[in-house]
Amino acid sequence: MTKFRARLVGQSFATKVAYVLVRDLLLVLCKLYFRVTVSGREHLPKSGPYIIAPVHRSNIDTPLSAFVTRRRVRFMGKDSLWKQKQVGAFLSLLGGFPVTRGAADLEALKRCVAVLDAGEPLVMFPEGTRQSGATLHPLFEGPAYVALKRGVPIVPVGIGGTERVMRKGSKMIWPHKCHVTIGSPIDVEHGGNGRVDRERMTQITAELANRLQTVFDDARRRAGD
């Protein structure tokens with residue numbers, strides 16, 4: 001974990017410039033093809049680490065989540081994606097980091113904490129895998145756990161239109177308007193260095209579910225879903 005944290009912190013100037021260039025190129029392409037619009041950026045913390053918690057309906061949710069801020073964001077990916085050097089290098093450039101598939105969830109959560117310790121925003125999909133439909137699926141408590149570990153805010157993000165662009169199981173990408181709605185952050189206090197309070201973790205997850213459904217409804221309406 002120490003080696004992983006060191007790799008997160010030790011980012012070269014060239015890597016940061018490359019991230020901005022690739023991100024901006026993808027943003028232009030998405031604006032042209034998906035007519036992507038974003039609202040609510042005023043809710044984002046001005047500095048420091050925080051968790052971006054989007055709904056998950058499509059593979060393109062990950063790049064759209066990165067467009068909410070000019071800062072580089074981090075996101076998890078299964079380690080098999082890094083087996084091809086070119087693919088792995090590209091994902092790392094975009095802020096991805098590998099997590100061993102089938103390993104204990106604790107390993108992934110520790111890596112998420114390391115990202116926050118490096119001072120960077122972190123994308124965590126509270127629904128876990130891609131889902132379908134207009135109603136939020138039950139959330140897992142990972143975002144609340146990580147937020148309590150470091151006392152960072154959780155920002156709910158609704159993404160509308162992406163299920164029509166590329167629904168789960170599809171390999172086709174269809175043109176359709178997409179909208180990203182950023183909600184007001186949930187302020188989370190530091191849970192201390194010991195065990196995280198499970199009752200508080202459940203409360204935060206329930207609050208996130210309510211806010212996430214609200215911004216998801218707004219994003220779907222603006223995307224014409």
# chains A, B, ... in the order shown; residues from 1 in each chain; ligands from 1
>>> residues_around(residues="Gly224 in chain A", least_positions_apart="6", cutoff="12 Å", atoms="only C-alpha atoms", output="number ranges by chain")
A: 35, 159-164, 176-179, 217-218
>>> closest_atom_pairs(of="range 139-207 of chain A", to="range 64-78 of chain A", cutoff="8 Å", atoms="only C-alpha atoms", output="Markdown table")
| residue | atom | partner | partner_atom | distance |
| --- | --- | --- | --- | --- |
| A:Val157 | CA | A:Ser65 | CA | 7.9 |
| A:Val180 | CA | A:Leu64 | CA | 7.6 |
| A:Ile182 | CA | A:Val68 | CA | 7.7 |
>>> closest_residue(among="A:Glu207, A:Ala134, A:Lys168, A:Asp187", to="Asp225 in chain A", atoms="only C-alpha atoms")
A:Ala134
>>> select_by_dssp(residues="range 115-183 of chain A", states="alpha helix (DSSP H)", output="PyMOL selection string")
chain A and resi 115-117+142-150+162-165
>>> write_last_selection(atoms="C-alpha atoms", output="CSV table (one decimal), in the first residue's frame")
chain,number,residue,atom,x,y,z
A,115,VAL,CA,-6.2,8.5,-3.2
A,116,LEU,CA,-7.8,10.9,-0.8
A,117,ASP,CA,-4.6,11.0,1.2
A,142,GLY,CA,-18.1,2.0,0.5
A,143,PRO,CA,-18.4,5.7,-0.2
A,144,ALA,CA,-19.6,6.4,3.4
A,145,TYR,CA,-16.9,4.2,4.8
A,146,VAL,CA,-14.1,5.9,2.9
A,147,ALA,CA,-15.5,9.4,3.6
A,148,LEU,CA,-15.7,8.7,7.4
A,149,LYS,CA,-12.1,7.4,7.3
A,150,ARG,CA,-10.8,10.7,6.1
A,162,THR,CA,-26.2,7.5,-20.9
A,163,GLU,CA,-28.4,4.4,-20.8
A,164,ARG,CA,-29.7,5.3,-24.2
A,165,VAL,CA,-26.2,6.0,-25.4
>>> closest_residue(among="A:Ile154, A:Lys171, A:Glu141, A:Gly95", to="Arg198 in chain A", atoms="only C-alpha atoms")
A:Glu141
>>> closest_residue(among="A:Ser132, A:Gln213, A:Thr15, A:Ser58", to="Ser92 in chain A", atoms="only C-alpha atoms")
A:Thr15
>>> atom_distance(atom1="CA of Asp61 in chain A", atom2="CA of His190 in chain A")
28.7 Å
>>> select_by_dssp(residues="range 52-157 of chain A", states="strand (DSSP E or B)", output="ChimeraX atom specification")
/A:52-54,74-78,96-99,122-123,154-157
>>> write_last_selection(atoms="N, CA and C atoms", output="PDB file, in the first residue's frame")
ATOM      1  N   ILE A  52     -16.697  11.809  -5.483  1.00  0.00           N
ATOM      2  CA  ILE A  52     -17.737  12.022  -6.478  1.00  0.00           C
ATOM      3  C   ILE A  52     -18.534  10.716  -6.561  1.00  0.00           C
ATOM      4  N   ALA A  53     -19.829  10.789  -6.269  1.00  0.00           N
ATOM      5  CA  ALA A  53     -20.664   9.589  -6.207  1.00  0.00           C
ATOM      6  C   ALA A  53     -21.754   9.651  -7.276  1.00  0.00           C
ATOM      7  N   PRO A  54     -21.491   9.108  -8.477  1.00  0.00           N
ATOM      8  CA  PRO A  54     -22.482   9.173  -9.556  1.00  0.00           C
ATOM      9  C   PRO A  54     -23.370   7.927  -9.607  1.00  0.00           C
ATOM     10  N   ARG A  74      -9.771  10.356  -9.803  1.00  0.00           N
ATOM     11  CA  ARG A  74      -9.328   8.960  -9.770  1.00  0.00           C
ATOM     12  C   ARG A  74     -10.538   8.032  -9.764  1.00  0.00           C
ATOM     13  N   PHE A  75     -10.371   6.844 -10.352  1.00  0.00           N
ATOM     14  CA  PHE A  75     -11.437   5.850 -10.326  1.00  0.00           C
ATOM     15  C   PHE A  75     -10.832   4.458 -10.355  1.00  0.00           C
ATOM     16  N   MET A  76     -11.565   3.494  -9.805  1.00  0.00           N
ATOM     17  CA  MET A  76     -11.107   2.108  -9.752  1.00  0.00           C
ATOM     18  C   MET A  76     -11.398   1.374 -11.055  1.00  0.00           C
ATOM     19  N   GLY A  77     -10.580   0.374 -11.341  1.00  0.00           N
ATOM     20  CA  GLY A  77     -10.824  -0.500 -12.479  1.00  0.00           C
ATOM     21  C   GLY A  77     -10.305  -1.897 -12.165  1.00  0.00           C
ATOM     22  N   LYS A  78     -10.918  -2.924 -12.732  1.00  0.00           N
ATOM     23  CA  LYS A  78     -10.442  -4.281 -12.472  1.00  0.00           C
ATOM     24  C   LYS A  78      -9.047  -4.450 -13.056  1.00  0.00           C
ATOM     25  N   GLY A  96      -7.182   6.247 -13.683  1.00  0.00           N
ATOM     26  CA  GLY A  96      -7.601   4.942 -13.184  1.00  0.00           C
ATOM     27  C   GLY A  96      -6.509   4.273 -12.353  1.00  0.00           C
ATOM     28  N   PHE A  97      -6.921   3.393 -11.457  1.00  0.00           N
ATOM     29  CA  PHE A  97      -5.963   2.571 -10.716  1.00  0.00           C
ATOM     30  C   PHE A  97      -6.562   1.175 -10.552  1.00  0.00           C
ATOM     31  N   PRO A  98      -5.712   0.139 -10.650  1.00  0.00           N
ATOM     32  CA  PRO A  98      -6.219  -1.238 -10.651  1.00  0.00           C
ATOM     33  C   PRO A  98      -6.555  -1.759  -9.263  1.00  0.00           C
ATOM     34  N   VAL A  99      -7.606  -2.560  -9.208  1.00  0.00           N
ATOM     35  CA  VAL A  99      -7.994  -3.275  -7.992  1.00  0.00           C
ATOM     36  C   VAL A  99      -8.149  -4.743  -8.360  1.00  0.00           C
ATOM     37  N   LEU A 122     -12.037  11.550  -5.877  1.00  0.00           N
ATOM     38  CA  LEU A 122     -12.179  10.121  -6.154  1.00  0.00           C
ATOM     39  C   LEU A 122     -13.594   9.813  -6.620  1.00  0.00           C
ATOM     40  N   VAL A 123     -13.722   9.086  -7.733  1.00  0.00           N
ATOM     41  CA  VAL A 123     -15.025   8.638  -8.223  1.00  0.00           C
ATOM     42  C   VAL A 123     -15.342   7.269  -7.635  1.00  0.00           C
ATOM     43  N   ILE A 154     -19.017  13.968   0.359  1.00  0.00           N
ATOM     44  CA  ILE A 154     -19.471  13.131  -0.753  1.00  0.00           C
ATOM     45  C   ILE A 154     -20.373  13.983  -1.633  1.00  0.00           C
ATOM     46  N   VAL A 155     -20.062  14.040  -2.928  1.00  0.00           N
ATOM     47  CA  VAL A 155     -20.837  14.848  -3.866  1.00  0.00           C
ATOM     48  C   VAL A 155     -21.698  13.931  -4.736  1.00  0.00           C
ATOM     49  N   PRO A 156     -23.033  13.962  -4.583  1.00  0.00           N
ATOM     50  CA  PRO A 156     -23.907  13.130  -5.428  1.00  0.00           C
ATOM     51  C   PRO A 156     -23.985  13.698  -6.841  1.00  0.00           C
ATOM     52  N   VAL A 157     -23.887  12.816  -7.827  1.00  0.00           N
ATOM     53  CA  VAL A 157     -23.894  13.239  -9.230  1.00  0.00           C
ATOM     54  C   VAL A 157     -24.888  12.389 -10.020  1.00  0.00           C
TER      55      VAL A 157
END
>>> residues_around(residues="Ala209 in chain A", least_positions_apart="4", cutoff="10 Å", atoms="only C-alpha atoms", output="tab-separated table (two decimals) with N, CA, C and O atoms, in the first residue's frame")
chain	number	residue	atom	x	y	z
A	55	VAL	N	-24.51	8.08	-10.28
A	55	VAL	CA	-25.30	6.91	-10.65
A	55	VAL	C	-24.53	6.17	-11.74
A	55	VAL	O	-23.62	6.72	-12.35
A	126	PRO	N	-21.78	4.39	-6.12
A	126	PRO	CA	-22.43	3.78	-4.96
A	126	PRO	C	-23.30	2.57	-5.29
A	126	PRO	O	-23.54	1.73	-4.42
A	127	GLU	N	-23.77	2.47	-6.54
A	127	GLU	CA	-24.58	1.32	-6.92
A	127	GLU	C	-23.69	0.12	-7.29
A	127	GLU	O	-24.22	-0.96	-7.56
A	136	LEU	N	-33.07	4.47	-8.45
A	136	LEU	CA	-31.78	4.12	-7.87
A	136	LEU	C	-31.83	2.73	-7.26
A	136	LEU	O	-32.80	2.35	-6.61
A	137	HIS	N	-30.79	1.95	-7.48
A	137	HIS	CA	-30.69	0.62	-6.88
A	137	HIS	C	-30.05	0.75	-5.49
A	137	HIS	O	-29.44	1.78	-5.19
A	138	PRO	N	-30.19	-0.28	-4.64
A	138	PRO	CA	-29.60	-0.19	-3.30
A	138	PRO	C	-28.11	0.15	-3.37
A	138	PRO	O	-27.38	-0.40	-4.20
A	139	LEU	N	-27.68	1.04	-2.49
A	139	LEU	CA	-26.29	1.48	-2.50
A	139	LEU	C	-25.43	0.63	-1.57
A	139	LEU	O	-25.91	0.13	-0.54
A	156	PRO	N	-23.03	13.96	-4.58
A	156	PRO	CA	-23.91	13.13	-5.43
A	156	PRO	C	-23.98	13.70	-6.84
A	156	PRO	O	-24.12	14.91	-7.03
A	203	GLN	N	-26.49	5.88	8.05
A	203	GLN	CA	-27.18	7.16	7.92
A	203	GLN	C	-26.69	7.94	6.71
A	203	GLN	O	-27.49	8.50	5.95
A	204	ILE	N	-25.38	7.98	6.53
A	204	ILE	CA	-24.79	8.72	5.40
A	204	ILE	C	-25.22	8.08	4.08
A	204	ILE	O	-25.56	8.77	3.12
A	205	THR	N	-25.24	6.74	4.03
A	205	THR	CA	-25.63	6.04	2.82
A	205	THR	C	-27.09	6.32	2.48
A	205	THR	O	-27.44	6.52	1.30
A	213	GLN	N	-30.99	10.23	-5.92
A	213	GLN	CA	-32.21	10.05	-6.71
A	213	GLN	C	-32.71	11.41	-7.22
A	213	GLN	O	-33.17	11.53	-8.36
A	214	THR	N	-32.59	12.45	-6.38
A	214	THR	CA	-33.03	13.79	-6.78
A	214	THR	C	-32.23	14.31	-7.97
A	214	THR	O	-32.80	14.81	-8.95
>>> closest_residue(among="A:Ser47, A:Met166, A:Thr181, A:Arg195", to="Leu212 in chain A", atoms="only C-alpha atoms")
A:Thr181
>>> atom_distance(atom1="CA of Ile51 in chain A", atom2="CA of Thr202 in chain A")
16.7 Å
>>> residues_around(residues="Gly48 in chain A", least_positions_apart="2", cutoff="8 Å", atoms="only C-alpha atoms", output="list in words")
Pro45, Lys46, Tyr50, Gly119, Glu120 and Pro121 of chain A
>>> atom_distance(atom1="CA of Phe140 in chain A", atom2="CA of Ala206 in chain A")
10.1 Å
